[in-house]
Amino acid sequence: MDFASILRIAGRALKRNKMRSALTMLGIIIGVAAVIAMVAVGQGANEQVQEQLASLGTNMLFIIAGSHQAGAVNFGWWAVRTLTHQDEQAILHLVPTVKAAAVQVQSRKQVIYGNNNWATNIIGTEPAFFSIRNWDFSSGGPFTQQEVELSDNVCVLGNTVVENLFPYANPLGKTIQVGNLPFKIVGTLAPKGESANMGHDQDDLIVIPYTTMQKKITGQDWVQLIIAQAVSRQASTAAQQQITDLLHVRHRILPGQMNDFAVRNLADIENTAAATGHIMTLLLASIASVSLLVGGIGIMNIMLVSVTERTREIGIRMAVGATEKDVQTQFLMEAVVLSAIGGFTGIILGVGGSRLIATLAHWKVDVSTVSILVAVIFSIAIGVFFGYYPAQKAARLDPIEALRYE
Amino acid sequence: MSTVSPILENSRNVVAAATPVLIEFQGVYKIYDLGEVQVHALRGIDLSIAKGEFVAIMGASGSGKSTFMNLLGCLDRPTRGSCFLEGTDVSQLDKTELARIRNRKLGFVFQGFNLLSRTTALENVELPALYAHMKPEERMARAHEVLALVGLANREHHFPSQLSGGQQQRVAIARALMNHPAILLADEPTGNLDSRTSVEIMDIFQRLNAEQGITLVLVTHESDIARFARRIITFRDGRIRRDEQVTGRAIAAEVLPNLPTVDEDQD
């Protein structure tokens, strides 16, 4: 029998029991829609995490001043005060895979302007900090290298600080008090929002030259952190090794001795986050697939009922010359038509549902073509898989018995 | 052919002298194994039917006539013996080949009509052609032709539920004729019909037999229906009991004018 006739017969058989066909399809519709929506939500979340990680900085490495252990007591990070600006200069000039670097000296102080005050993070650094961390300016710009060398009292404000100190006024050119010292505002940063780790507010900071910080505020000659930017994502692992080697030499650390610093690679963190996100997407998809499986079993169930109900029809068809293959194809086609229509409806519903989730929950969702393609193939495969047994059962009927069936 | 009975030999000589043999059963046994008991449905059938014959099969229920029809209709295979159809031993064929023979060589007419419900007369008639891969235009043309042949040209788009019993049986006959079969097998075709409609159906059979040369095998237990055939074979206990030519054959076209029509009954 030609394909068009098979399809027509299948369509007619399904139309005969509209309600039943619709309910059977519903299983597949819900399954496919759930898979598409869940994958979309999973991938959307994944992308959001990646974006947030990228906002920390591009191809970034952290060199953290090391921990120190005395007996059984571990003093934690920054206990060893050996990391210096000279280390940063050495990394910048001697490590070929590093294209930019900046030191970071950190503290926490009360900042005051007029009647407003706010406790915030103070970061002492160099102009390269802004480009490595991908900071954009909403007004003004970074302080200069000259201002760093002269230990000038200049600062750049993060958005949260601007909101708290300057609810109405324009902060640019104004002078604020940091601790007891006046600082002139040369720029304000564009907001970045919450960071990927635990919703820490990245905009709650003011940035000043590290020299000013060391000499006038903390009185320290070491730095807590050096941030460095690798020339490329691929190079960041090499850079990590090269920096470690360089600091071994500079800090005279012998083999077997504990490092007084640690080098962290943001690419590693990104990879871990991506892997976690991937697992989450897979988990969501596999939970949704269970409903697809249940939908498939629904198809099998209805097809078995249908074969029993239509035993006589099968007998008639066999008597007029339908082969086992003809009968099998007919019933298989019915199952596939059921699952395919269900699949396509499910795609529409899944895409619509994803959009709805995006609008209502303000989540980022990403409906991928791949998930749609997989859903189509999968739903048709379910039709074939769960339709095969009932079709086989129909084809194996004895025509004499089938004709006698009441 | 040593097992052939004298009566059978005689009948073959009468008909098969001029026309080729179409159906030949040689020592056919059919035993149903029901586990504890074995049912011997057919116990050695030897029979030949020539092209163009009109045979009525008679016998009580359990006589083996249904089993015989199933074998003749290629719906089943014998336990022992050979069934030749146009020279092919169908007892050796697999299911797919049997389906093909049913499709191309045989036409079935049943007591209960066995039309597909919620399917128009035309589509019911087209069914065998679908499985024969006939081209759509050819299929349509042939369906119109056979429906006209049974006098239902104006009922093509009716559903079985909208047709009378006689009309449904005529749709079934049209369906059986669709693929130009060599043999028409009718299993108690008048069992569900009133006597006038029964004769109308026999009229169609007689015309198909006479005008188109279609071989007819008809199972019935009504002896007045069997008299429309040319030859009557009687089964009993799985064997052929009698095989005789019909003398004083009834001609449906002559009987019909004498029968009351449904309208006259109502008057």
# chains A, B, ... in the order shown; residues from 1 in each chain; ligands from 1

$ interface_residues --of "chain A" --to "chain B" --cutoff "7 Å" --atoms "only C-alpha atoms" --output "PyMOL selection string"
chain A and resi 1-2+313+316+318-324+399-400

$ residues_around --residues "Ile91 (chain A)" --least-positions-apart "2" --cutoff "9 Å" --atoms "only C-alpha atoms" --output "PDB file with C-alpha atoms, in the first residue's frame"
ATOM      1  CA  GLN A  86      57.329  44.022  42.850  1.00  0.00           C
ATOM      2  CA  ASP A  87      55.876  40.530  42.407  1.00  0.00           C
ATOM      3  CA  GLU A  88      53.146  42.012  40.248  1.00  0.00           C
ATOM      4  CA  GLN A  89      55.692  43.902  38.122  1.00  0.00           C
ATOM      5  CA  HIS A  93      57.047  41.721  32.595  1.00  0.00           C
ATOM      6  CA  LEU A  94      58.440  38.191  32.865  1.00  0.00           C
ATOM      7  CA  VAL A  95      55.423  35.953  32.203  1.00  0.00           C
ATOM      8  CA  PRO A  96      54.760  36.026  28.437  1.00  0.00           C
ATOM      9  CA  VAL A  98      50.121  37.568  30.997  1.00  0.00           C
ATOM     10  CA  ALA A 101      48.146  42.783  35.979  1.00  0.00           C
ATOM     11  CA  ALA A 228      46.410  39.099  36.152  1.00  0.00           C
ATOM     12  CA  GLN A 242      54.380  30.171  34.885  1.00  0.00           C
ATOM     13  CA  ILE A 243      53.266  32.546  37.641  1.00  0.00           C
ATOM     14  CA  LEU A 246      58.140  32.654  38.966  1.00  0.00           C
ATOM     15  CA  LEU A 247      56.881  33.237  42.513  1.00  0.00           C
TER      16      LEU A 247
END

$ select_by_dssp --residues "region 16-251 of chain A" --states "strand (DSSP E or B)" --output "MDAnalysis selection string"
chainID A and resid 60:65 69:70 73:74 98:113 116:125 137:140 154:157 175:178 181:189 194 201 205:209 225:230

$ atom_distance --atom1 "CA of Gln169 (chain B)" --atom2 "CA of Arg139 (chain B)"
20.4 Å

$ select_by_dssp --residues "region 124-369 of chain A" --states "helix (DSSP H, G or I)" --output "MDAnalysis selection string"
chainID A and resid 128:132 145:149 159:165 210:218 235:250 266:309 311:319 324:361 369

$ atom_distance --atom1 "CA of Leu165 (chain A)" --atom2 "CA of Lys216 (chain A)"
22.3 Å

$ residues_around --residues "Leu152 (chain B)" --least-positions-apart "6" --cutoff "8 Å" --atoms "only C-alpha atoms" --output "number ranges by chain"
B: 167, 170-171

$ closest_residue --among "B:Tyr32, B:Phe84, B:Phe235, B:Phe228" --to "Ser61 (chain B)" --atoms "only C-alpha atoms"
B:Phe235

$ residues_around --residues "Ser91 (chain B)" --least-positions-apart "6" --cutoff "7 Å" --atoms "only C-alpha atoms" --output "number ranges by chain"
B: 77-78, 82-83

$ atom_distance --atom1 "CA of Val35 (chain A)" --atom2 "CA of Glu51 (chain A)"
24.0 Å

$ residues_around --residues "Lys174 (chain A)" --least-positions-apart "2" --cutoff "7 Å" --atoms "only C-alpha atoms" --output "ChimeraX atom specification"
/A:171-172,176,184-185

$ write_last_selection --atoms "N, CA, C and O atoms" --output "PDB file, in the first residue's frame"
ATOM      1  N   PRO A 171      27.871  62.900  41.592  1.00  0.00           N
ATOM      2  CA  PRO A 171      29.070  62.762  42.438  1.00  0.00           C
ATOM      3  C   PRO A 171      30.365  63.234  41.786  1.00  0.00           C
ATOM      4  O   PRO A 171      31.334  63.514  42.485  1.00  0.00           O
ATOM      5  N   LEU A 172      30.413  63.304  40.468  1.00  0.00           N
ATOM      6  CA  LEU A 172      31.678  63.578  39.779  1.00  0.00           C
ATOM      7  C   LEU A 172      32.272  64.925  40.223  1.00  0.00           C
ATOM      8  O   LEU A 172      31.587  65.942  40.207  1.00  0.00           O
ATOM      9  N   ILE A 176      34.661  63.260  48.945  1.00  0.00           N
ATOM     10  CA  ILE A 176      34.069  62.495  50.043  1.00  0.00           C
ATOM     11  C   ILE A 176      35.145  62.225  51.084  1.00  0.00           C
ATOM     12  O   ILE A 176      36.342  62.347  50.810  1.00  0.00           O
ATOM     13  N   LYS A 184      38.869  62.942  46.158  1.00  0.00           N
ATOM     14  CA  LYS A 184      38.134  63.556  45.052  1.00  0.00           C
ATOM     15  C   LYS A 184      37.614  62.454  44.121  1.00  0.00           C
ATOM     16  O   LYS A 184      38.338  61.512  43.792  1.00  0.00           O
ATOM     17  N   ILE A 185      36.341  62.565  43.753  1.00  0.00           N
ATOM     18  CA  ILE A 185      35.746  61.529  42.895  1.00  0.00           C
ATOM     19  C   ILE A 185      36.079  61.831  41.433  1.00  0.00           C
ATOM     20  O   ILE A 185      35.753  62.906  40.931  1.00  0.00           O
TER      21      ILE A 185
END
